[in-house]
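upload.pdb follows (PDB, C-alpha atoms):
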MODEL        1
ATOM      1  CA  MET A 511      75.371  82.863  88.261
ATOM      2  CA  ARG A 512      76.669  84.851  85.356
ATOM      3  CA  SER A 513      77.925  87.510  87.693
ATOM      4  CA  PHE A 514      80.800  85.170  88.486
ATOM      5  CA  ILE A 515      82.141  85.560  85.020
ATOM      6  CA  SER A 516      84.493  88.433  84.780
ATOM      7  CA  THR A 517      85.651  89.668  81.412
ATOM      8  CA  LEU A 518      88.989  91.378  81.798
ATOM      9  CA  GLY A 519      89.692  91.732  78.122
ATOM     10  CA  ILE A 520      92.485  89.199  78.327
ATOM     11  CA  SER A 521      93.188  88.098  74.819
ATOM     12  CA  SER A 522      94.824  84.759  74.368
ATOM     13  CA  ALA A 523      95.375  85.677  70.740
ATOM     14  CA  SER A 524      97.665  88.552  71.643
ATOM     15  CA  HIS A 525      99.561  86.633  74.295
ATOM     16  CA  PRO A 526     102.047  84.649  72.221
ATOM     17  CA  GLU A 527     103.342  87.785  70.484
ATOM     18  CA  HIS A 528     105.346  88.859  73.504
ATOM     19  CA  LEU A 529     105.915  85.467  75.009
ATOM     20  CA  SER A 530     109.209  83.933  75.828
ATOM     21  CA  ASN A 531     112.541  84.687  74.357
ATOM     22  CA  VAL A 532     114.898  81.799  74.674
ATOM     23  CA  HIS A 533     117.843  82.933  76.742
ATOM     24  CA  PRO A 534     121.232  83.046  74.997
ATOM     25  CA  LEU A 535     122.452  80.381  77.417
ATOM     26  CA  ASP A 536     119.977  77.864  76.045
ATOM     27  CA  PRO A 537     121.615  75.032  74.136
ATOM     28  CA  PRO A 538     119.813  73.999  70.945
ATOM     29  CA  GLY A 539     117.271  71.207  71.229
ATOM     30  CA  ASP A 540     116.831  71.665  74.959
ATOM     31  CA  HIS A 541     113.070  71.459  74.886
ATOM     32  CA  ASN A 542     112.503  67.697  74.864
ATOM     33  CA  ARG A 543     109.119  68.264  73.298
ATOM     34  CA  GLY A 544     106.726  65.409  73.892
ATOM     35  CA  GLN A 545     109.574  63.059  74.694
ATOM     36  CA  GLU A 546     107.815  61.392  77.610
ATOM     37  CA  HIS A 547     104.679  60.677  75.629
ATOM     38  CA  ARG A 548     106.597  59.453  72.605
ATOM     39  CA  ARG A 549     108.506  57.060  74.815
ATOM     40  CA  ARG A 550     105.198  55.621  75.965
ATOM     41  CA  GLY A 551     104.086  55.391  72.353
ATOM     42  CA  GLU A 552     101.387  58.032  72.816
ATOM     43  CA  ASP A 553     100.498  60.937  70.639
ATOM     44  CA  LEU A 554      98.292  63.913  71.490
ATOM     45  CA  SER A 555      95.115  62.165  70.354
ATOM     46  CA  ASP A 556      95.824  59.361  72.858
ATOM     47  CA  ILE A 557      96.251  61.903  75.602
ATOM     48  CA  ALA A 558      93.068  63.717  74.636
ATOM     49  CA  ARG A 559      91.173  60.403  74.515
ATOM     50  CA  ARG A 560      92.418  59.447  77.962
ATOM     51  CA  ALA A 561      91.493  62.894  79.231
ATOM     52  CA  ASP A 562      87.878  62.247  78.227
ATOM     53  CA  ASP A 563      87.678  59.141  80.404
ATOM     54  CA  VAL A 564      87.779  60.761  83.842
ATOM     55  CA  PRO A 565      86.325  63.996  85.220
ATOM     56  CA  ASN A 566      89.599  65.761  86.026
ATOM     57  CA  PRO A 567      92.419  63.738  84.483
ATOM     58  CA  TYR A 568      95.064  66.426  84.762
ATOM     59  CA  GLY A 569      94.714  67.014  88.496
ATOM     60  CA  ARG A 570      94.698  70.258  90.389
ATOM     61  CA  LEU A 571      96.353  72.445  87.810
ATOM     62  CA  GLY A 572      94.161  71.277  84.959
ATOM     63  CA  GLY A 573      94.901  70.412  81.362
ATOM     64  CA  PRO A 574      96.939  72.346  78.853
ATOM     65  CA  ALA A 575      94.012  74.592  77.841
ATOM     66  CA  HIS A 576      93.438  75.384  81.489
ATOM     67  CA  GLN A 577      97.094  76.175  82.010
ATOM     68  CA  GLN A 578      97.175  78.367  78.904
ATOM     69  CA  LYS A 579      94.331  80.402  80.380
ATOM     70  CA  VAL A 580      96.291  80.653  83.626
ATOM     71  CA  ALA A 581      99.286  81.925  81.617
ATOM     72  CA  ASP A 582      97.068  84.573  79.995
ATOM     73  CA  ILE A 583      95.859  85.775  83.388
ATOM     74  CA  VAL A 584      99.429  85.884  84.671
ATOM     75  CA  SER A 585     100.407  88.042  81.691
ATOM     76  CA  ASP A 586      97.541  90.405  82.403
ATOM     77  CA  ILE A 587      98.624  90.713  86.041
ATOM     78  CA  GLU A 588     102.196  91.417  84.967
ATOM     79  CA  LEU A 589     100.948  94.201  82.702
ATOM     80  CA  ARG A 590      99.638  95.915  85.818
ATOM     81  CA  ASN A 591     102.953  95.652  87.668
ATOM     82  CA  LEU A 592     101.584  93.275  90.300
ATOM     83  CA  LYS A 593     103.004  90.034  91.562
ATOM     84  CA  TRP A 594     101.216  86.777  90.781
ATOM     85  CA  LYS A 595     101.008  83.332  92.238
ATOM     86  CA  THR A 596      99.460  80.249  90.743
ATOM     87  CA  GLU A 597      98.152  77.383  92.906
ATOM     88  CA  PHE A 598      97.655  79.752  95.817
ATOM     89  CA  TYR A 599      96.818  77.826  98.957
ATOM     90  CA  VAL A 600      93.665  78.977 100.725
ATOM     91  CA  LYS A 601      93.080  77.585 104.163
ATOM     92  CA  GLY A 602      90.255  78.357 106.543
ATOM     93  CA  PRO A 603      87.833  76.601 108.870
ATOM     94  CA  GLY A 604      86.904  73.428 106.996
ATOM     95  CA  VAL A 605      88.367  74.760 103.764
ATOM     96  CA  ARG A 606      91.472  73.584 101.906
ATOM     97  CA  ARG A 607      91.586  74.939  98.388
ATOM     98  CA  PHE A 608      94.009  76.143  95.779
ATOM     99  CA  ALA A 609      93.050  79.291  93.905
ATOM    100  CA  ASP A 610      94.276  79.064  90.315
ATOM    101  CA  VAL A 611      95.851  82.522  90.228
ATOM    102  CA  VAL A 612      96.039  85.481  92.588
ATOM    103  CA  ALA A 613      97.360  88.997  92.052
ATOM    104  CA  ILE A 614      99.411  90.276  94.953
ATOM    105  CA  ASP A 615     100.520  93.724  96.068
ATOM    106  CA  PRO A 616     104.322  93.391  95.865
ATOM    107  CA  ALA A 617     104.869  95.832  98.749
ATOM    108  CA  THR A 618     102.639  94.238 101.362
ATOM    109  CA  GLY A 619     102.101  90.706 100.090
ATOM    110  CA  LYS A 620      98.337  91.177 100.326
ATOM    111  CA  VAL A 621      96.102  89.302  97.925
ATOM    112  CA  LEU A 622      94.299  91.807  95.699
ATOM    113  CA  GLU A 623      92.563  89.634  93.116
ATOM    114  CA  ILE A 624      91.625  85.965  92.913
ATOM    115  CA  TYR A 625      90.991  84.020  89.727
ATOM    116  CA  GLN A 626      89.486  80.602  89.175
ATOM    117  CA  VAL A 627      89.736  79.028  85.755
ATOM    118  CA  GLY A 628      87.263  76.432  84.582
ATOM    119  CA  ARG A 629      84.709  75.316  82.073
ATOM    120  CA  LEU A 630      81.180  76.550  81.581
ATOM    121  CA  THR A 631      78.013  74.517  81.497
ATOM    122  CA  LYS A 632      75.853  74.628  78.391
ATOM    123  CA  ALA A 633      73.833  77.314  80.155
ATOM    124  CA  GLY A 634      76.967  79.426  80.457
ATOM    125  CA  ASP A 635      77.503  79.012  84.189
ATOM    126  CA  PRO A 636      80.637  77.769  85.969
ATOM    127  CA  VAL A 637      80.631  73.994  86.387
ATOM    128  CA  ALA A 638      79.488  72.758  89.800
ATOM    129  CA  ARG A 639      82.954  71.780  91.004
ATOM    130  CA  GLU A 640      84.204  75.316  90.401
ATOM    131  CA  LEU A 641      81.133  76.847  92.044
ATOM    132  CA  ARG A 642      81.963  74.981  95.238
ATOM    133  CA  ALA A 643      85.592  76.101  95.039
ATOM    134  CA  ILE A 644      84.539  79.705  94.456
ATOM    135  CA  ALA A 645      82.228  79.644  97.463
ATOM    136  CA  ASP A 646      84.944  78.157  99.683
ATOM    137  CA  ILE A 647      87.638  80.575  98.589
ATOM    138  CA  GLU A 648      85.386  83.616  98.923
ATOM    139  CA  SER A 649      84.323  82.519 102.393
ATOM    140  CA  VAL A 650      87.951  82.433 103.569
ATOM    141  CA  LEU A 651      89.422  85.427 101.768
ATOM    142  CA  GLY A 652      86.362  87.672 101.776
ATOM    143  CA  THR A 653      87.206  88.755  98.251
ATOM    144  CA  LYS A 654      85.156  88.086  95.154
ATOM    145  CA  VAL A 655      86.586  85.408  92.907
ATOM    146  CA  ARG A 656      86.784  86.223  89.205
ATOM    147  CA  TYR A 657      85.816  83.215  87.144
ATOM    148  CA  MET A 658      87.681  82.867  83.866
ATOM    149  CA  PRO A 659      86.195  80.274  81.524
ATOM    150  CA  TYR A 660      88.294  78.377  79.036
ATOM    151  CA  PHE A 661      87.170  76.385  76.075
ATOM    152  CA  THR A 662      88.506  73.257  74.465
ATOM    153  CA  PRO A 663      87.804  72.308  70.862
TER     154      PRO A 663
ATOM    155  CA  MET B1194     100.993  69.791  87.974
ATOM    156  CA  GLY B1195     103.330  71.914  90.029
ATOM    157  CA  ALA B1196     104.604  71.347  93.517
ATOM    158  CA  GLN B1197     105.165  73.647  96.436
ATOM    159  CA  VAL B1198     106.306  73.848 100.019
ATOM    160  CA  ARG B1199     105.002  76.685 102.172
ATOM    161  CA  PHE B1200     107.151  78.127 104.898
ATOM    162  CA  PHE B1201     108.032  80.942 107.250
ATOM    163  CA  MET B1202     111.649  82.102 107.370
ATOM    164  CA  ASP B1203     113.429  84.965 109.026
ATOM    165  CA  LYS B1204     116.545  86.571 107.589
ATOM    166  CA  ASP B1205     118.939  84.034 109.120
ATOM    167  CA  ASP B1206     116.769  81.118 107.965
ATOM    168  CA  GLU B1207     116.848  82.550 104.452
ATOM    169  CA  ALA B1208     120.619  82.955 104.488
ATOM    170  CA  GLN B1209     121.056  79.375 105.658
ATOM    171  CA  PHE B1210     118.698  78.113 102.961
ATOM    172  CA  ALA B1211     120.491  80.178 100.291
ATOM    173  CA  GLU B1212     123.789  78.627 101.333
ATOM    174  CA  PHE B1213     122.337  75.171 100.943
ATOM    175  CA  VAL B1214     120.842  76.020  97.539
ATOM    176  CA  LYS B1215     124.199  77.231  96.251
ATOM    177  CA  LYS B1216     125.737  73.867  97.089
ATOM    178  CA  THR B1217     123.253  71.967  94.900
ATOM    179  CA  GLY B1218     124.880  72.992  91.613
ATOM    180  CA  GLU B1219     125.703  76.043  89.577
ATOM    181  CA  VAL B1220     122.777  78.004  90.964
ATOM    182  CA  LEU B1221     121.930  81.553  89.980
ATOM    183  CA  PHE B1222     119.401  83.906  91.605
ATOM    184  CA  PHE B1223     117.285  86.210  89.470
ATOM    185  CA  VAL B1224     114.877  88.964  90.385
ATOM    186  CA  ASP B1225     112.491  90.490  87.888
ATOM    187  CA  PRO B1226     111.854  92.831  86.208
ATOM    188  CA  SER B1227     114.792  93.614  83.925
ATOM    189  CA  PRO B1228     115.083  96.295  81.219
ATOM    190  CA  THR B1229     116.505  93.703  78.816
ATOM    191  CA  SER B1230     115.900  90.012  78.203
ATOM    192  CA  ASP B1231     119.484  89.328  79.232
ATOM    193  CA  PHE B1232     118.837  88.913  82.951
ATOM    194  CA  LYS B1233     121.774  89.450  85.277
ATOM    195  CA  PRO B1234     121.873  87.199  88.338
ATOM    196  CA  VAL B1235     122.038  88.695  91.823
ATOM    197  CA  ALA B1236     124.626  87.456  94.317
ATOM    198  CA  VAL B1237     122.328  87.685  97.339
ATOM    199  CA  PHE B1238     118.619  88.015  97.932
ATOM    200  CA  PRO B1239     117.690  91.711  97.682
ATOM    201  CA  GLU B1240     116.923  93.753 100.765
ATOM    202  CA  PRO B1241     113.184  94.151 101.394
ATOM    203  CA  HIS B1242     111.664  96.914  99.254
ATOM    204  CA  SER B1243     114.990  97.612  97.506
ATOM    205  CA  VAL B1244     113.472  96.537  94.173
ATOM    206  CA  ARG B1245     109.840  96.200  93.160
ATOM    207  CA  PHE B1246     109.628  92.412  93.171
ATOM    208  CA  TRP B1247     112.133  91.871  95.972
ATOM    209  CA  SER B1248     109.972  89.204  97.591
ATOM    210  CA  ARG B1249     110.253  86.768  94.679
ATOM    211  CA  VAL B1250     113.567  85.250  93.657
ATOM    212  CA  TRP B1251     113.854  82.814  90.757
ATOM    213  CA  LEU B1252     116.345  80.006  91.183
ATOM    214  CA  LEU B1253     118.078  78.554  88.122
ATOM    215  CA  ASN B1254     120.435  75.628  88.384
ATOM    216  CA  ARG B1255     122.637  75.688  85.307
ATOM    217  CA  THR B1256     123.852  72.194  86.143
ATOM    218  CA  VAL B1257     120.266  71.040  85.578
ATOM    219  CA  SER B1258     119.009  73.387  82.892
ATOM    220  CA  ARG B1259     119.960  76.531  81.026
ATOM    221  CA  LYS B1260     116.403  77.211  79.993
ATOM    222  CA  LEU B1261     115.734  80.721  81.271
ATOM    223  CA  LEU B1262     112.719  81.962  79.346
ATOM    224  CA  THR B1263     111.638  85.562  79.658
ATOM    225  CA  LYS B1264     108.569  87.568  78.714
ATOM    226  CA  PHE B1265     108.322  91.146  77.519
ATOM    227  CA  VAL B1266     105.694  93.258  79.252
ATOM    228  CA  PRO B1267     105.026  95.834  76.527
ATOM    229  CA  LYS B1268     103.018  98.344  78.524
ATOM    230  CA  LEU B1269     105.709  98.621  81.188
ATOM    231  CA  GLU B1270     108.602  98.013  78.791
ATOM    232  CA  TYR B1271     110.409  95.480  80.904
ATOM    233  CA  TYR B1272     111.071  91.776  80.924
ATOM    234  CA  THR B1273     110.031  89.232  83.514
ATOM    235  CA  ILE B1274     111.049  85.631  83.904
ATOM    236  CA  ASP B1275     108.457  83.229  82.532
ATOM    237  CA  GLY B1276     107.944  81.229  85.703
ATOM    238  CA  LEU B1277     105.461  78.860  84.109
ATOM    239  CA  ARG B1278     107.680  77.800  81.209
ATOM    240  CA  ALA B1279     111.252  78.324  82.341
ATOM    241  CA  SER B1280     113.018  75.619  84.343
ATOM    242  CA  VAL B1281     113.205  77.833  87.396
ATOM    243  CA  ILE B1282     112.048  77.445  90.973
ATOM    244  CA  GLU B1283     110.113  80.280  92.531
ATOM    245  CA  PHE B1284     111.449  81.198  95.941
ATOM    246  CA  ASP B1285     108.707  83.429  97.241
ATOM    247  CA  ARG B1286     110.055  84.972 100.392
ATOM    248  CA  THR B1287     108.397  85.358 103.746
ATOM    249  CA  ILE B1288     107.168  88.948 104.040
ATOM    250  CA  ARG B1289     107.433  90.800 107.305
ATOM    251  CA  ASP B1290     105.135  93.799 107.356
ATOM    252  CA  GLY B1291     105.551  95.352 110.814
ATOM    253  CA  ASP B1292     104.454  92.684 113.250
ATOM    254  CA  ILE B1293     102.744  90.659 110.527
ATOM    255  CA  LEU B1294     104.475  87.666 108.998
ATOM    256  CA  ARG B1295     103.166  86.287 105.710
ATOM    257  CA  PRO B1296     104.263  82.882 104.403
ATOM    258  CA  GLY B1297     106.599  82.260 101.518
ATOM    259  CA  ARG B1298     106.855  79.200  99.346
ATOM    260  CA  LEU B1299     109.058  77.157  97.099
ATOM    261  CA  TRP B1300     107.156  76.415  93.922
ATOM    262  CA  ALA B1301     107.917  74.824  90.599
ATOM    263  CA  GLU B1302     105.982  73.693  87.567
ATOM    264  CA  PHE B1303     107.306  70.651  85.715
ATOM    265  CA  ARG B1304     105.558  70.992  82.371
ATOM    266  CA  TYR B1305     103.776  73.625  80.361
ATOM    267  CA  ALA B1306     101.204  73.840  77.619
ATOM    268  CA  ASN B1307     102.426  73.787  74.025
ATOM    269  CA  GLU B1308     101.601  76.523  71.502
ATOM    270  CA  THR B1309      98.186  75.125  70.673
ATOM    271  CA  ALA B1310      97.341  74.362  74.323
ATOM    272  CA  MET B1311      96.520  70.801  73.241
ATOM    273  CA  GLY B1312      99.445  69.040  74.847
ATOM    274  CA  TRP B1313     102.302  69.365  77.289
ATOM    275  CA  ILE B1314     105.972  70.158  76.978
ATOM    276  CA  PRO B1315     107.785  68.515  79.877
ATOM    277  CA  LYS B1316     110.697  70.161  81.620
ATOM    278  CA  GLU B1317     113.899  68.243  82.325
ATOM    279  CA  PRO B1318     113.529  65.237  84.701
ATOM    280  CA  GLU B1319     116.563  66.531  86.630
ATOM    281  CA  PHE B1320     114.672  69.735  87.289
ATOM    282  CA  ARG B1321     112.095  67.898  89.361
ATOM    283  CA  LYS B1322     114.854  66.087  91.247
ATOM    284  CA  TRP B1323     116.514  69.400  92.033
ATOM    285  CA  TYR B1324     113.232  70.878  93.263
ATOM    286  CA  GLU B1325     112.679  67.807  95.451
ATOM    287  CA  SER B1326     116.128  68.163  97.014
ATOM    288  CA  LEU B1327     115.388  71.762  98.050
ATOM    289  CA  ALA B1328     111.900  70.899  99.308
ATOM    290  CA  ARG B1329     113.300  67.955 101.246
ATOM    291  CA  TRP B1330     115.837  70.224 102.976
ATOM    292  CA  ILE B1331     113.033  72.477 104.190
ATOM    293  CA  ARG B1332     110.887  69.556 105.318
ATOM    294  CA  LYS B1333     113.803  68.018 107.170
ATOM    295  CA  ASN B1334     115.078  71.128 108.932
ATOM    296  CA  TYR B1335     111.914  73.079 109.668
ATOM    297  CA  SER B1336     109.165  72.620 112.209
ATOM    298  CA  ARG B1337     105.453  72.144 111.587
ATOM    299  CA  GLU B1338     104.410  72.645 115.188
ATOM    300  CA  ILE B1339     102.776  76.030 114.541
ATOM    301  CA  ASP B1340     100.709  74.819 111.605
ATOM    302  CA  PRO B1341     100.948  71.394 109.944
ATOM    303  CA  ASP B1342     100.591  72.963 106.500
ATOM    304  CA  TYR B1343     103.543  75.311 106.941
ATOM    305  CA  TYR B1344     107.209  74.646 107.659
ATOM    306  CA  VAL B1345     108.740  77.175 110.049
ATOM    307  CA  GLY B1346     112.476  77.872 110.179
ATOM    308  CA  PRO B1347     114.206  78.086 113.581
ATOM    309  CA  GLY B1348     114.574  81.879 113.423
ATOM    310  CA  ALA B1349     110.975  82.456 112.389
ATOM    311  CA  LEU B1350     109.804  79.979 115.016
ATOM    312  CA  ARG B1351     111.584  81.986 117.696
ATOM    313  CA  LEU B1352     109.970  85.223 116.450
ATOM    314  CA  ILE B1353     106.513  83.648 116.553
ATOM    315  CA  LYS B1354     106.939  81.982 119.935
ATOM    316  CA  GLU B1355     108.279  85.144 121.533
ATOM    317  CA  GLY B1356     105.190  86.948 120.303
ATOM    318  CA  ASN B1357     107.131  89.427 118.181
ATOM    319  CA  VAL B1358     105.077  88.664 115.112
ATOM    320  CA  GLN B1359     101.710  87.233 114.272
ATOM    321  CA  ILE B1360     101.050  85.034 111.288
ATOM    322  CA  LYS B1361      98.744  86.186 108.558
ATOM    323  CA  TYR B1362      98.191  83.996 105.560
ATOM    324  CA  PHE B1363      96.609  86.316 102.983
TER     325      PHE B1363
ENDMDL
END
Could I get this structure in the form of structure tokens?
Amino acid sequence: MRSFISTLGISSASHPEHLSNVHPLDPPGDHNRGQEHRRRGEDLSDIARRADDVPNPYGRLGGPAHQQKVADIVSDIELRNLKWKTEFYVKGPGVRRFADVVAIDPATGKVLEIYQVGRLTKAGDPVARELRAIADIESVLGTKVRYMPYFTP
Amino acid sequence: MGAQVRFFMDKDDEAQFAEFVKKTGEVLFFVDPSPTSDFKPVAVFPEPHSVRFWSRVWLLNRTVSRKLLTKFVPKLEYYTIDGLRASVIEFDRTIRDGDILRPGRLWAEFRYANETAMGWIPKEPEFRKWYESLARWIRKNYSREIDPDYYVGPGALRLIKEGNVQIKYF
């Protein structure tokens, strides 16, 4: 099982250093941070509490920690001058899945690398839901899926 | 969670779609990478293989948002558009590689993780509406007779039906 876990040396700690410059066209205060949740009278602890109630409360793309991991993988792909896609649709006989991230050859459009992001069990293996997704995606694409675990406090 | 529409277009389909997109506001097209963070828009979609990432065009509607966030890629010393955080729509073009046709897609993400990855920062509500208007145009004008999961433009449909190309998804 552990062979699923690929360590690419992606460091989330180094990621924010070269992240995002706001474009000169941006007006001040354009970010609307947390506006929606504030309007509903929620703060982050409410959201986190609600997230604990159901198995996958954030849907296909996952929660913020999941998406941050996706962003880290995207940055790593960009470092290697490849194209990336998130939520990459994988369709085959009896299979309908979305791979979290793929790296693509920009010249041919061929998928070179596939990444799934998810949690680990206490034993250090991918959770069962992700194992099924990995098996499905590998069966269609014929390429090994790299499993990238993320952790939430 | 993001949203996407998958499609096949030929050059004429693309041109027609681009014309529609331009009518939806003050829309600019961007292609990465750029040597500086001050991205210059392109007037038309680049010719295939004319630039490295020719097959992906970022759409920014300045009527909806002016939030064009970029990222520096230190090893390669260029900037790319931060497609996860910026209020941009990814127009990933259909790739024709000889007689192979690979699908493109329209994709957008409507929120992104904050600095601590403990909560979300939503994008503008108008951004989602704009994305929906473009997706709706594709759904309305394109056919799903080849594959129910993919919308095929009239030009691409002709190419496929005449046997000039074969579809390959990956």
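Put simply, atom CA of B:Thr1287 is 25.1 Å away from atom CA of B:Lys1264.
In this model, the gap between atom CA of B:Leu1299 and atom CA of B:Ala1328 comes to 7.2 Å.
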One decimal, Å: what's the distance from atom CA of A:Lys579 over to atom CA of A:Pro636, could you say? 15.0 Å
Applied to this file, what does the PyMOL selection byres ((chain B and resi 1323) around 10) return in terms of residues, put as number ranges by chain? B: 1214, 1217-1218, 1254, 1256-1257, 1282, 1318-1322, 1324-1329
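Neighbouring residues of B:Ala1211 at 12 Å or closer, counting all atoms listed in the file and skipping chain neighbours under 6 positions away, are Met1202, Lys1204, Asp1205, Thr1217, Val1220, Leu1221, Phe1222, Ala1236, Val1237, Phe1238, Val1250, Trp1251, Leu1252, Phe1284, Arg1286, Leu1327, Trp1330 and Ile1331 of chain B.
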Taking all atoms listed in the file into account, find every residue of chain B that has an atom no more than 6 Å from chain A, and write it out as a JSON list (two decimals) with C-alpha atoms, keeping the file's coordinate frame.
[["chain", "number", "residue", "atom", "x", "y", "z"],
["B", 1194, "MET", "CA", 100.99, 69.79, 87.97],
["B", 1259, "ARG", "CA", 119.96, 76.53, 81.03],
["B", 1260, "LYS", "CA", 116.40, 77.21, 79.99],
["B", 1261, "LEU", "CA", 115.73, 80.72, 81.27],
["B", 1262, "LEU", "CA", 112.72, 81.96, 79.35],
["B", 1263, "THR", "CA", 111.64, 85.56, 79.66],
["B", 1264, "LYS", "CA", 108.57, 87.57, 78.71],
["B", 1265, "PHE", "CA", 108.32, 91.15, 77.52],
["B", 1266, "VAL", "CA", 105.69, 93.26, 79.25],
["B", 1306, "ALA", "CA", 101.20, 73.84, 77.62],
["B", 1310, "ALA", "CA", 97.34, 74.36, 74.32],
["B", 1311, "MET", "CA", 96.52, 70.80, 73.24],
["B", 1312, "GLY", "CA", 99.44, 69.04, 74.85],
["B", 1314, "ILE", "CA", 105.97, 70.16, 76.98],
["B", 1363, "PHE", "CA", 96.61, 86.32, 102.98]]
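Counting all atoms listed in the file, the residue from A:Pro659, A:Ala633, A:Gly604, A:Gly628 that sits nearest to A:Ile647 is A:Gly604.
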For the provided coordinates, the residues matched by the PyMOL selection byres ((chain B and resi 1229) around 12) should be stated as a ChimeraX atom specification. /A:531,533 /B:1225-1228,1230-1233,1263-1267,1270-1274
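The residues returned by the PyMOL selection byres ((chain A and resi 641) around 12) for this structure are A:Met511, A:Arg512, A:Ser513, A:Phe514, A:Ile515, A:Gln626, A:Val627, A:Gly628, A:Arg629, A:Leu630, A:Thr631, A:Asp635, A:Pro636, A:Val637, A:Ala638, A:Arg639, A:Glu640, A:Arg642, A:Ala643, A:Ile644, A:Ala645, A:Asp646, A:Ile647, A:Glu648, A:Val655, A:Arg656, A:Tyr657.
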Can you tell me, as a VMD selection string, what residues are no more than 9 Å from B:Asp1342 when counting only C-alpha atoms, ignoring any on the same chain fewer than 2 positions away? chain B and resid 1198 to 1200 1337 1339 to 1340 1344
